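Text of work-v9.txt, listed as compact mmCIF, C-alpha atoms:
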```txt
# COMPACT_ATOMS: atom_id res chain seq x y z
CA MET T 1 19.55 -54.29 17.27
CA ALA T 2 18.64 -51.07 15.44
CA ILE T 3 18.89 -48.78 18.50
CA ARG T 4 22.40 -48.96 19.96
CA TRP T 5 22.22 -46.24 22.65
CA THR T 6 19.74 -43.66 23.96
CA THR T 7 20.25 -40.08 25.14
CA ALA T 8 17.63 -37.85 26.76
CA PHE T 9 17.68 -34.03 26.70
CA TRP T 10 16.39 -31.35 29.00
CA ASP T 11 15.35 -28.54 26.63
CA TYR T 12 15.34 -25.12 28.31
CA PRO T 13 14.30 -21.66 27.17
CA ALA T 14 17.18 -19.19 27.54
CA GLU T 15 15.98 -17.88 30.91
CA GLY T 16 16.08 -21.32 32.55
CA PHE T 17 19.11 -22.81 30.81
CA GLU T 18 21.88 -22.02 33.29
CA SER T 19 19.87 -22.77 36.43
CA GLY T 20 18.64 -26.02 34.90
CA ILE T 21 22.17 -27.11 34.06
CA ALA T 22 23.47 -26.28 37.53
CA PHE T 23 20.65 -28.24 39.17
CA TRP T 24 21.01 -31.44 37.16
CA LEU T 25 24.78 -31.46 37.52
CA LYS T 26 24.24 -31.63 41.29
CA VAL T 27 21.36 -34.12 41.10
CA THR T 28 23.41 -36.54 38.98
CA ASP T 29 26.86 -35.71 40.43
CA SER T 30 28.08 -35.09 36.87
CA ALA T 31 30.53 -32.77 35.16
CA LEU T 32 29.65 -30.62 32.16
CA SER T 33 31.25 -31.14 28.77
CA GLU T 34 32.47 -28.28 26.63
CA ARG T 35 29.51 -26.39 25.24
CA ARG T 36 28.92 -26.72 21.53
CA GLY T 37 26.59 -25.62 18.78
CA PRO T 38 25.37 -22.08 18.03
CA GLY T 39 26.05 -19.91 21.06
CA GLY T 40 26.93 -22.92 23.20
CA ALA T 41 23.37 -24.23 23.09
CA PHE T 42 24.27 -27.88 23.73
CA ALA T 43 26.21 -29.71 26.43
CA THR T 44 26.54 -33.22 27.83
CA LEU T 45 26.37 -34.33 31.45
CA LEU T 46 29.44 -36.50 32.04
CA PRO T 47 28.94 -39.16 34.73
CA LYS T 48 31.80 -40.20 36.98
CA ALA T 49 31.37 -43.76 35.73
CA GLY T 50 29.70 -45.01 32.56
CA ASP T 51 28.94 -43.42 29.20
CA PRO T 52 26.88 -40.20 28.92
CA CYS T 53 23.15 -40.54 28.30
CA LEU T 54 21.89 -37.12 29.48
CA ARG T 55 22.26 -33.76 27.74
CA VAL T 56 20.95 -30.20 27.90
CA GLN T 57 19.86 -27.85 25.13
CA ARG T 58 18.87 -24.19 25.02
CA VAL T 59 15.82 -23.72 22.77
CA GLY T 60 14.80 -20.51 21.04
CA GLU T 61 11.05 -21.11 21.04
CA GLY T 62 8.44 -22.59 23.34
CA THR T 63 8.45 -23.54 26.99
CA GLY T 64 10.95 -26.38 26.74
CA GLY T 65 10.58 -29.98 27.85
CA SER T 66 12.52 -33.10 26.91
CA HIS T 67 13.36 -34.92 23.72
CA LEU T 68 15.16 -38.11 22.79
CA ASP T 69 18.18 -39.06 20.70
CA LEU T 70 18.33 -42.60 19.35
CA HIS T 71 21.86 -43.69 18.37
CA VAL T 72 21.87 -46.01 15.35
CA ASP T 73 24.32 -47.48 12.85
CA ASP T 74 22.52 -46.22 9.73
CA ILE T 75 20.61 -42.98 10.21
CA GLU T 76 19.03 -42.93 6.73
CA VAL T 77 17.77 -46.50 6.96
CA GLU T 78 16.25 -45.94 10.38
CA ALA T 79 14.70 -42.65 9.28
CA GLU T 80 12.98 -44.41 6.40
CA ARG T 81 11.74 -47.08 8.77
CA ALA T 82 10.34 -44.44 11.13
CA ILE T 83 8.62 -42.65 8.23
CA GLY T 84 7.03 -45.92 7.17
CA LEU T 85 5.56 -46.25 10.65
CA GLY T 86 4.05 -42.76 10.63
CA ALA T 87 6.83 -40.38 11.70
CA LYS T 88 7.60 -37.14 9.84
CA VAL T 89 11.02 -35.61 9.14
CA VAL T 90 11.28 -31.96 10.21
CA HIS T 91 15.03 -31.41 9.75
CA GLY T 92 18.02 -33.21 8.37
CA GLU T 93 21.77 -32.61 8.15
CA PRO T 94 24.85 -34.83 8.05
CA GLY T 95 24.79 -37.08 11.11
CA LEU T 96 21.35 -35.98 12.29
CA VAL T 97 17.67 -36.42 11.37
CA VAL T 98 14.99 -34.72 13.48
CA LEU T 99 11.55 -36.32 13.36
CA HIS T 100 8.13 -36.04 14.92
CA SER T 101 6.37 -39.21 16.04
CA PRO T 102 2.74 -39.76 14.97
CA GLY T 103 1.69 -37.94 18.16
CA GLY T 104 4.02 -34.99 17.49
CA PHE T 105 6.82 -35.89 19.92
CA ALA T 106 10.24 -34.68 18.74
CA PHE T 107 13.09 -37.16 18.57
CA CYS T 108 16.40 -37.41 16.72
CA LEU T 109 18.34 -40.15 14.98
CA VAL T 110 22.09 -39.76 15.44
CA GLY T 111 25.20 -41.89 14.96
CA TYR T 112 26.43 -44.55 17.33
CA HIS T 113 29.97 -44.10 18.65
CA GLY T 114 30.51 -47.16 20.79
CA GLU T 115 28.64 -46.15 23.96
CA ALA T 116 28.09 -49.24 26.11
CA ALA T 117 28.58 -48.60 29.86
CA VAL T 118 25.31 -47.74 31.62
CA PRO T 119 25.71 -45.22 34.50
CA GLN T 120 24.93 -46.82 37.86
CA PRO T 121 22.77 -45.57 40.77
CA LEU T 122 24.37 -43.08 43.12
CA ASP T 123 24.45 -43.08 46.93
CA TRP T 124 23.37 -39.94 48.82
CA PRO T 125 23.85 -38.70 52.41
CA GLY T 126 20.20 -39.42 53.23
CA GLY T 127 20.87 -43.12 52.71
CA GLN T 128 18.92 -43.39 49.45
CA ARG T 129 20.13 -44.38 45.99
CA SER T 130 18.85 -42.87 42.74
CA ARG T 131 19.43 -42.53 39.02
CA VAL T 132 17.79 -40.84 36.04
CA ASP T 133 16.69 -43.83 33.99
CA GLN T 134 13.38 -43.13 32.26
CA LEU T 135 11.83 -40.82 29.67
CA CYS T 136 8.05 -40.49 30.02
CA ILE T 137 6.19 -39.53 26.85
CA ASP T 138 2.95 -37.69 27.72
CA ILE T 139 0.30 -38.37 25.09
CA PRO T 140 -3.23 -37.00 24.49
CA PRO T 141 -5.83 -39.81 24.69
CA GLN T 142 -6.85 -39.73 21.02
CA ALA T 143 -3.21 -40.32 19.96
CA PHE T 144 -2.24 -42.86 22.60
CA ASP T 145 -2.88 -46.14 20.78
CA HIS T 146 -1.14 -44.97 17.59
CA GLU T 147 1.81 -43.58 19.54
CA LEU T 148 2.21 -46.76 21.57
CA ALA T 149 2.10 -48.90 18.43
CA PHE T 150 4.70 -46.66 16.76
CA TRP T 151 7.22 -46.82 19.60
CA GLN T 152 6.77 -50.52 20.25
CA THR T 153 7.25 -51.37 16.59
CA PHE T 154 10.08 -48.91 15.95
CA THR T 155 12.10 -49.90 19.02
CA GLY T 156 11.16 -53.57 19.04
CA TRP T 157 11.17 -53.36 22.84
CA ARG T 158 8.96 -55.43 25.09
CA GLN T 159 5.82 -53.75 26.42
CA THR T 160 4.72 -54.21 30.00
CA THR T 161 1.69 -52.98 31.87
CA THR T 162 1.92 -51.06 35.15
CA ASP T 163 -0.20 -50.76 38.29
CA THR T 164 -1.84 -47.67 36.78
CA ARG T 165 -3.86 -48.29 33.63
CA GLU T 166 -2.92 -45.04 31.85
CA PHE T 167 0.74 -46.11 31.66
CA ARG T 168 2.58 -48.53 29.38
CA ARG T 169 6.31 -49.20 29.71
CA LEU T 170 8.75 -50.25 26.99
CA LEU T 171 11.75 -52.12 28.35
CA PRO T 172 15.06 -51.87 26.48
CA PRO T 173 17.38 -54.83 25.96
CA PRO T 174 20.39 -55.15 28.26
CA GLY T 175 23.06 -52.48 27.78
CA LEU T 176 20.83 -49.44 27.14
CA PRO T 177 20.52 -46.72 29.79
CA LEU T 178 16.92 -45.46 29.47
CA GLN T 179 13.52 -47.10 29.41
CA PHE T 180 10.40 -45.45 27.99
CA LEU T 181 7.13 -44.88 29.81
CA LEU T 182 4.10 -43.82 27.78
CA GLN T 183 1.41 -41.94 29.71
CA ARG T 184 -2.10 -41.25 28.44
CA LEU T 185 -3.06 -37.71 29.44
CA ASP T 186 -6.83 -37.89 29.69
CA LEU T 187 -7.13 -34.16 30.43
CA ALA T 188 -5.00 -33.04 27.48
CA GLU T 189 -6.55 -30.69 24.98
CA ARG T 190 -7.54 -32.12 21.62
CA GLY T 191 -4.84 -31.46 19.05
CA GLN T 192 -2.10 -31.13 21.66
CA ASN T 193 1.22 -32.74 20.68
CA ALA T 194 2.86 -35.43 22.74
CA THR T 195 5.59 -34.10 25.01
CA ALA T 196 7.96 -35.73 27.50
CA HIS T 197 9.54 -35.40 30.92
CA MET T 198 12.30 -37.19 32.81
CA ASP T 199 11.90 -39.66 35.70
CA LEU T 200 14.26 -40.83 38.41
CA ALA T 201 14.18 -44.19 40.16
CA CYS T 202 15.04 -44.02 43.86
CA SER T 203 15.10 -46.20 46.96
CA ASP T 204 13.50 -43.58 49.25
CA ILE T 205 11.16 -41.09 47.63
CA ASP T 206 10.91 -38.84 50.69
CA ALA T 207 14.67 -38.57 51.19
CA GLU T 208 15.24 -37.97 47.47
CA THR T 209 12.53 -35.30 47.37
CA GLU T 210 14.13 -33.54 50.33
CA ARG T 211 17.50 -33.61 48.56
CA HIS T 212 16.05 -32.07 45.40
CA VAL T 213 14.24 -29.35 47.34
CA GLY T 214 17.53 -28.49 49.02
CA LEU T 215 19.06 -28.09 45.56
CA GLY T 216 16.35 -25.65 44.46
CA ALA T 217 13.52 -27.79 43.07
CA ALA T 218 9.88 -27.33 44.07
CA GLU T 219 7.32 -29.98 44.97
CA VAL T 220 4.31 -29.86 42.61
CA ARG T 221 2.04 -32.74 43.69
CA ARG T 222 2.33 -36.16 45.29
CA HIS T 223 0.98 -39.49 44.07
CA HIS T 224 1.32 -42.87 45.73
CA TRP T 225 4.15 -44.09 43.49
CA TRP T 226 5.77 -40.83 42.47
CA GLN T 227 6.42 -37.20 43.35
CA VAL T 228 6.06 -34.52 40.66
CA MET T 229 8.75 -31.83 40.90
CA ARG T 230 9.71 -28.63 39.09
CA ASP T 231 13.40 -27.90 38.63
CA PRO T 232 14.90 -24.39 38.95
CA GLY T 233 14.85 -24.03 35.16
CA GLY T 234 11.07 -24.51 35.08
CA LEU T 235 10.78 -28.10 33.81
CA GLU T 236 8.68 -30.72 35.56
CA TYR T 237 9.99 -34.22 36.27
CA CYS T 238 9.15 -37.10 38.60
CA ILE T 239 10.85 -38.93 41.44
CA THR T 240 9.47 -42.48 41.46
CA ARG T 241 9.54 -45.48 43.79
CA ARG T 242 11.06 -47.77 41.16
CA ASP T 243 14.11 -49.71 42.33
CA PRO T 244 17.22 -47.93 40.95
CA ASP T 245 19.26 -51.12 41.28
CA LYS T 246 16.90 -53.26 39.25
CA ASP T 247 18.04 -54.01 35.72
CA LEU T 248 16.42 -51.68 33.23
CA HIS T 249 15.34 -54.58 31.01
CA ALA T 250 13.62 -56.41 33.86
CA VAL T 251 9.94 -56.00 34.66
CA THR T 252 9.51 -53.12 37.12
```
Can the structure in the file be given as structure tokens, please?
Amino acid sequence: MAIRWTTAFWDYPAEGFESGIAFWLKVTDSALSERRGPGGAFATLLPKAGDPCLRVQRVGEGTGGSHLDLHVDDIEVEAERAIGLGAKVVHGEPGLVVLHSPGGFAFCLVGYHGEAAVPQPLDWPGGQRSRVDQLCIDIPPQAFDHELAFWQTFTGWRQTTTDTREFRRLLPPPGLPLQFLLQRLDLAERGQNATAHMDLACSDIDAETERHVGLGAAEVRRHHWWQVMRDPGGLEYCITRRDPDKDLHAVT
């Protein structure tokens, strides 16, 4: 298996960094690692059980969003494979290669250090269970087919359809903490790059939404299967009806 572990980042502009960190620490009942990098721009959310798969980053440009780290045994080999499938390298240093997918989504190849224990769903006072378990890549319609083909081939993960035709899900093998959802944004502007946001699975969407609002998030809009939210740092994410106790590699 080329991809040994996955880590998702919340990327915040400076003005939203601290409030974003504080919010997600409470949402996930995590502790914060020591800050690292230039000016303490990076940190890891440490779960009470399991290996970390969520991190935060302060960015110097843009409005922020999310990006993905793929942990692999041989960074150079996997970078060459990604390039052959249409990705472009934008930065490289020892232990790290930053790339853009064919649709312009930023992701990184980093080393694998033995991560194996997937964090489990958490119980909350409202009676619901939840976990952050999905990265949704938001793709303009003209890039969707190419982007889907890239990620399916590069990961080797199984594709499934969903109840909504603009979504395709890639299911990881057992032992990985995050699945990928690819969403076709039919209203996106031509030339817009693919971006991403984070999703939670929960057993009670109303109770989980109420919990997040109490922690400082704002409701943006409601759909049948999910609730779009905005965290205190300004980033949008979704609370979904997916079963948080269902295996990530099973059809959902």
(request) Do a neighbour search on range 179-195 of chain T at 7 Å with only C-alpha atoms, toss out local chain neighbours closer than 5 positions, and write the hits as a list of chain:residue names. (result) T:Gly103, T:Gly104, T:Phe105, T:Asp133, T:Gln134, T:Leu135, T:Cys136, T:Ile137, T:Asp138, T:Ile139, T:Pro140, T:Pro141, T:Phe144, T:Glu166, T:Phe167, T:Arg168, T:Arg169, T:Leu170, T:Leu171, T:Pro172, T:Leu248
Kindly assemble as a Markdown table a list of the range 142-182 of chain T residues that lie within 12 Å of range 214-227 of chain T, each paired with its nearest atom pair and their distance in Å to one decimal, using all atoms listed in the file, sorted first by chain and then by ascending residue number.
```
| residue | atom | partner | partner_atom | distance |
| --- | --- | --- | --- | --- |
| T:Thr162 | CA | T:Trp225 | CA | 11.1 |
| T:Asp163 | CA | T:Trp225 | CA | 9.5 |
| T:Thr164 | CA | T:Trp225 | CA | 9.7 |
```
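You can rank T:Gln57, T:Gly16, T:Leu85, T:Ala117 by their closest distance to Leu148 in chain T using only C-alpha atoms, and at the top of that list sits T:Leu85.
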(request) Quick one: pull the distance between CA of Ala22 in chain T and CA of Leu178 in chain T, Å, one decimal. (result) 21.8 Å
(request) Find the residue from T:Asp199, T:Glu210, T:Glu18, T:Asp69 that sits nearest to Ile239 in chain T; use all atoms listed in the file when measuring. (result)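 Among T:Asp199, T:Glu210, T:Glu18, T:Asp69, it is T:Asp199 that comes nearest to Ile239 in chain T.
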(request) Find the spatial neighbours of Ala207 in chain T, counting all atoms listed in the file, within a cut-off of 9 Å - ignore same-chain residues fewer than 5 positions away - and output them as a list of chain:residue names. (result)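 Surrounding residues, per the criterion: T:Gly126, T:Gly127, T:Gln128, T:His212.
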File dump, residues just selected, C-alpha atoms, as a CSV table (one decimal), keeping the file's coordinate frame:
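Writing done, so here's part_31.csv:
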```csv
chain,number,residue,atom,x,y,z
T,126,GLY,CA,20.2,-39.4,53.2
T,127,GLY,CA,20.9,-43.1,52.7
T,128,GLN,CA,18.9,-43.4,49.4
T,212,HIS,CA,16.0,-32.1,45.4
```
(message) Using all atoms listed in the file for the distances, tell me which of T:Glu93, T:Pro102, T:Trp24, T:Thr63 is nearest to Thr44 in chain T.
(response) T:Trp24
(request) Could you tell me which of T:Thr155, T:Thr28, T:Ser130, T:Ala87 comes closest to Leu54 in chain T if we count all atoms listed in the file? (result) T:Thr28
(request) Give the answer as one residue: which of T:Val59, T:Pro174, T:Val132, T:Thr160 has the shortest atom-to-atom distance to Tyr237 in chain T, using only C-alpha atoms? (result)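 Answer, going by the shortest atom-to-atom distance: T:Val132.
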(request) Please work out which residues fall within 12 Å of (16.4, -34.3, 9.5), coordinates as given in the file, with all atoms listed in the file counting, and return them as a VMD selection string. (result) chain T and resid 75 to 76 78 to 80 82 to 83 87 to 100 106 to 110
(request) Find the residues near Thr7 in chain T: any atom within 9 Å, counting all atoms listed in the file, skip ones fewer than 6 places away on the same chain, and give them as a PyMOL selection string. (result) chain T and resi 52-55+67-71+177-178
For range 111-137 of chain T, which lacks atoms in the input, supply N, CA, C and O atoms and format the output as a PDB file, in the frame of the given file.
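Saved as out21.pdb:
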```
ATOM      1  N   GLY T 111      24.273 -40.786  15.104  1.00  0.00           N
ATOM      2  CA  GLY T 111      25.200 -41.890  14.960  1.00  0.00           C
ATOM      3  C   GLY T 111      25.544 -42.552  16.280  1.00  0.00           C
ATOM      4  O   GLY T 111      25.413 -41.962  17.356  1.00  0.00           O
ATOM      5  N   TYR T 112      25.983 -43.786  16.171  1.00  0.00           N
ATOM      6  CA  TYR T 112      26.430 -44.550  17.330  1.00  0.00           C
ATOM      7  C   TYR T 112      27.950 -44.533  17.359  1.00  0.00           C
ATOM      8  O   TYR T 112      28.607 -44.790  16.348  1.00  0.00           O
ATOM      9  N   HIS T 113      28.516 -44.243  18.537  1.00  0.00           N
ATOM     10  CA  HIS T 113      29.970 -44.100  18.650  1.00  0.00           C
ATOM     11  C   HIS T 113      30.546 -45.011  19.730  1.00  0.00           C
ATOM     12  O   HIS T 113      31.520 -44.646  20.393  1.00  0.00           O
ATOM     13  N   GLY T 114      29.939 -46.157  19.902  1.00  0.00           N
ATOM     14  CA  GLY T 114      30.510 -47.160  20.790  1.00  0.00           C
ATOM     15  C   GLY T 114      30.090 -47.078  22.236  1.00  0.00           C
ATOM     16  O   GLY T 114      30.656 -47.786  23.083  1.00  0.00           O
ATOM     17  N   GLU T 115      29.097 -46.240  22.568  1.00  0.00           N
ATOM     18  CA  GLU T 115      28.640 -46.150  23.960  1.00  0.00           C
ATOM     19  C   GLU T 115      28.123 -47.530  24.417  1.00  0.00           C
ATOM     20  O   GLU T 115      27.405 -48.201  23.681  1.00  0.00           O
ATOM     21  N   ALA T 116      28.483 -47.912  25.648  1.00  0.00           N
ATOM     22  CA  ALA T 116      28.090 -49.240  26.110  1.00  0.00           C
ATOM     23  C   ALA T 116      27.933 -49.346  27.623  1.00  0.00           C
ATOM     24  O   ALA T 116      27.220 -50.237  28.101  1.00  0.00           O
ATOM     25  N   ALA T 117      28.580 -48.469  28.404  1.00  0.00           N
ATOM     26  CA  ALA T 117      28.580 -48.600  29.860  1.00  0.00           C
ATOM     27  C   ALA T 117      27.456 -47.763  30.471  1.00  0.00           C
ATOM     28  O   ALA T 117      27.477 -46.530  30.407  1.00  0.00           O
ATOM     29  N   VAL T 118      26.465 -48.420  31.039  1.00  0.00           N
ATOM     30  CA  VAL T 118      25.310 -47.740  31.620  1.00  0.00           C
ATOM     31  C   VAL T 118      25.697 -47.124  32.966  1.00  0.00           C
ATOM     32  O   VAL T 118      26.242 -47.816  33.830  1.00  0.00           O
ATOM     33  N   PRO T 119      25.446 -45.822  33.182  1.00  0.00           N
ATOM     34  CA  PRO T 119      25.710 -45.220  34.500  1.00  0.00           C
ATOM     35  C   PRO T 119      24.915 -45.929  35.600  1.00  0.00           C
ATOM     36  O   PRO T 119      23.762 -46.302  35.402  1.00  0.00           O
ATOM     37  N   GLN T 120      25.540 -46.085  36.753  1.00  0.00           N
ATOM     38  CA  GLN T 120      24.930 -46.820  37.860  1.00  0.00           C
ATOM     39  C   GLN T 120      24.275 -45.874  38.858  1.00  0.00           C
ATOM     40  O   GLN T 120      24.544 -44.676  38.872  1.00  0.00           O
ATOM     41  N   PRO T 121      23.392 -46.404  39.724  1.00  0.00           N
ATOM     42  CA  PRO T 121      22.770 -45.570  40.770  1.00  0.00           C
ATOM     43  C   PRO T 121      23.825 -44.942  41.673  1.00  0.00           C
ATOM     44  O   PRO T 121      24.916 -45.487  41.871  1.00  0.00           O
ATOM     45  N   LEU T 122      23.463 -43.806  42.250  1.00  0.00           N
ATOM     46  CA  LEU T 122      24.370 -43.080  43.120  1.00  0.00           C
ATOM     47  C   LEU T 122      23.851 -43.103  44.553  1.00  0.00           C
ATOM     48  O   LEU T 122      22.641 -43.089  44.794  1.00  0.00           O
ATOM     49  N   ASP T 123      24.791 -43.123  45.509  1.00  0.00           N
ATOM     50  CA  ASP T 123      24.450 -43.080  46.930  1.00  0.00           C
ATOM     51  C   ASP T 123      24.461 -41.636  47.415  1.00  0.00           C
ATOM     52  O   ASP T 123      25.336 -40.847  47.049  1.00  0.00           O
ATOM     53  N   TRP T 124      23.494 -41.304  48.311  1.00  0.00           N
ATOM     54  CA  TRP T 124      23.370 -39.940  48.820  1.00  0.00           C
ATOM     55  C   TRP T 124      23.401 -39.924  50.338  1.00  0.00           C
ATOM     56  O   TRP T 124      23.122 -40.944  50.988  1.00  0.00           O
ATOM     57  N   PRO T 125      23.727 -38.785  50.944  1.00  0.00           N
ATOM     58  CA  PRO T 125      23.850 -38.700  52.410  1.00  0.00           C
ATOM     59  C   PRO T 125      22.602 -39.123  53.172  1.00  0.00           C
ATOM     60  O   PRO T 125      22.688 -39.572  54.314  1.00  0.00           O
ATOM     61  N   GLY T 126      21.423 -38.992  52.565  1.00  0.00           N
ATOM     62  CA  GLY T 126      20.200 -39.420  53.230  1.00  0.00           C
ATOM     63  C   GLY T 126      20.016 -40.911  53.301  1.00  0.00           C
ATOM     64  O   GLY T 126      19.032 -41.393  53.869  1.00  0.00           O
ATOM     65  N   GLY T 127      20.936 -41.667  52.702  1.00  0.00           N
ATOM     66  CA  GLY T 127      20.870 -43.120  52.710  1.00  0.00           C
ATOM     67  C   GLY T 127      20.201 -43.718  51.490  1.00  0.00           C
ATOM     68  O   GLY T 127      20.220 -44.938  51.295  1.00  0.00           O
ATOM     69  N   GLN T 128      19.617 -42.895  50.630  1.00  0.00           N
ATOM     70  CA  GLN T 128      18.920 -43.390  49.450  1.00  0.00           C
ATOM     71  C   GLN T 128      19.871 -43.505  48.255  1.00  0.00           C
ATOM     72  O   GLN T 128      20.946 -42.923  48.240  1.00  0.00           O
ATOM     73  N   ARG T 129      19.426 -44.254  47.272  1.00  0.00           N
ATOM     74  CA  ARG T 129      20.130 -44.380  45.990  1.00  0.00           C
ATOM     75  C   ARG T 129      19.177 -43.923  44.884  1.00  0.00           C
ATOM     76  O   ARG T 129      17.964 -44.111  44.989  1.00  0.00           O
ATOM     77  N   SER T 130      19.722 -43.339  43.822  1.00  0.00           N
ATOM     78  CA  SER T 130      18.850 -42.870  42.740  1.00  0.00           C
ATOM     79  C   SER T 130      19.615 -42.816  41.431  1.00  0.00           C
ATOM     80  O   SER T 130      20.852 -42.803  41.412  1.00  0.00           O
ATOM     81  N   ARG T 131      18.868 -42.788  40.341  1.00  0.00           N
ATOM     82  CA  ARG T 131      19.430 -42.530  39.020  1.00  0.00           C
ATOM     83  C   ARG T 131      18.330 -42.050  38.080  1.00  0.00           C
ATOM     84  O   ARG T 131      17.147 -42.405  38.250  1.00  0.00           O
ATOM     85  N   VAL T 132      18.702 -41.234  37.121  1.00  0.00           N
ATOM     86  CA  VAL T 132      17.790 -40.840  36.040  1.00  0.00           C
ATOM     87  C   VAL T 132      17.808 -41.963  35.022  1.00  0.00           C
ATOM     88  O   VAL T 132      18.841 -42.232  34.413  1.00  0.00           O
ATOM     89  N   ASP T 133      16.666 -42.626  34.838  1.00  0.00           N
ATOM     90  CA  ASP T 133      16.690 -43.830  33.990  1.00  0.00           C
ATOM     91  C   ASP T 133      15.465 -43.971  33.097  1.00  0.00           C
ATOM     92  O   ASP T 133      15.291 -45.006  32.460  1.00  0.00           O
ATOM     93  N   GLN T 134      14.611 -42.955  33.021  1.00  0.00           N
ATOM     94  CA  GLN T 134      13.380 -43.130  32.260  1.00  0.00           C
ATOM     95  C   GLN T 134      12.920 -41.823  31.619  1.00  0.00           C
ATOM     96  O   GLN T 134      12.958 -40.771  32.259  1.00  0.00           O
ATOM     97  N   LEU T 135      12.504 -41.917  30.361  1.00  0.00           N
ATOM     98  CA  LEU T 135      11.830 -40.820  29.670  1.00  0.00           C
ATOM     99  C   LEU T 135      10.361 -41.172  29.585  1.00  0.00           C
ATOM    100  O   LEU T 135      10.002 -42.243  29.076  1.00  0.00           O
ATOM    101  N   CYS T 136       9.500 -40.286  30.072  1.00  0.00           N
ATOM    102  CA  CYS T 136       8.050 -40.490  30.020  1.00  0.00           C
ATOM    103  C   CYS T 136       7.470 -39.623  28.923  1.00  0.00           C
ATOM    104  O   CYS T 136       7.589 -38.390  28.974  1.00  0.00           O
ATOM    105  N   ILE T 137       6.847 -40.245  27.933  1.00  0.00           N
ATOM    106  CA  ILE T 137       6.190 -39.530  26.850  1.00  0.00           C
ATOM    107  C   ILE T 137       4.728 -39.327  27.225  1.00  0.00           C
ATOM    108  O   ILE T 137       4.006 -40.290  27.506  1.00  0.00           O
TER     109      ILE T 137
END
```
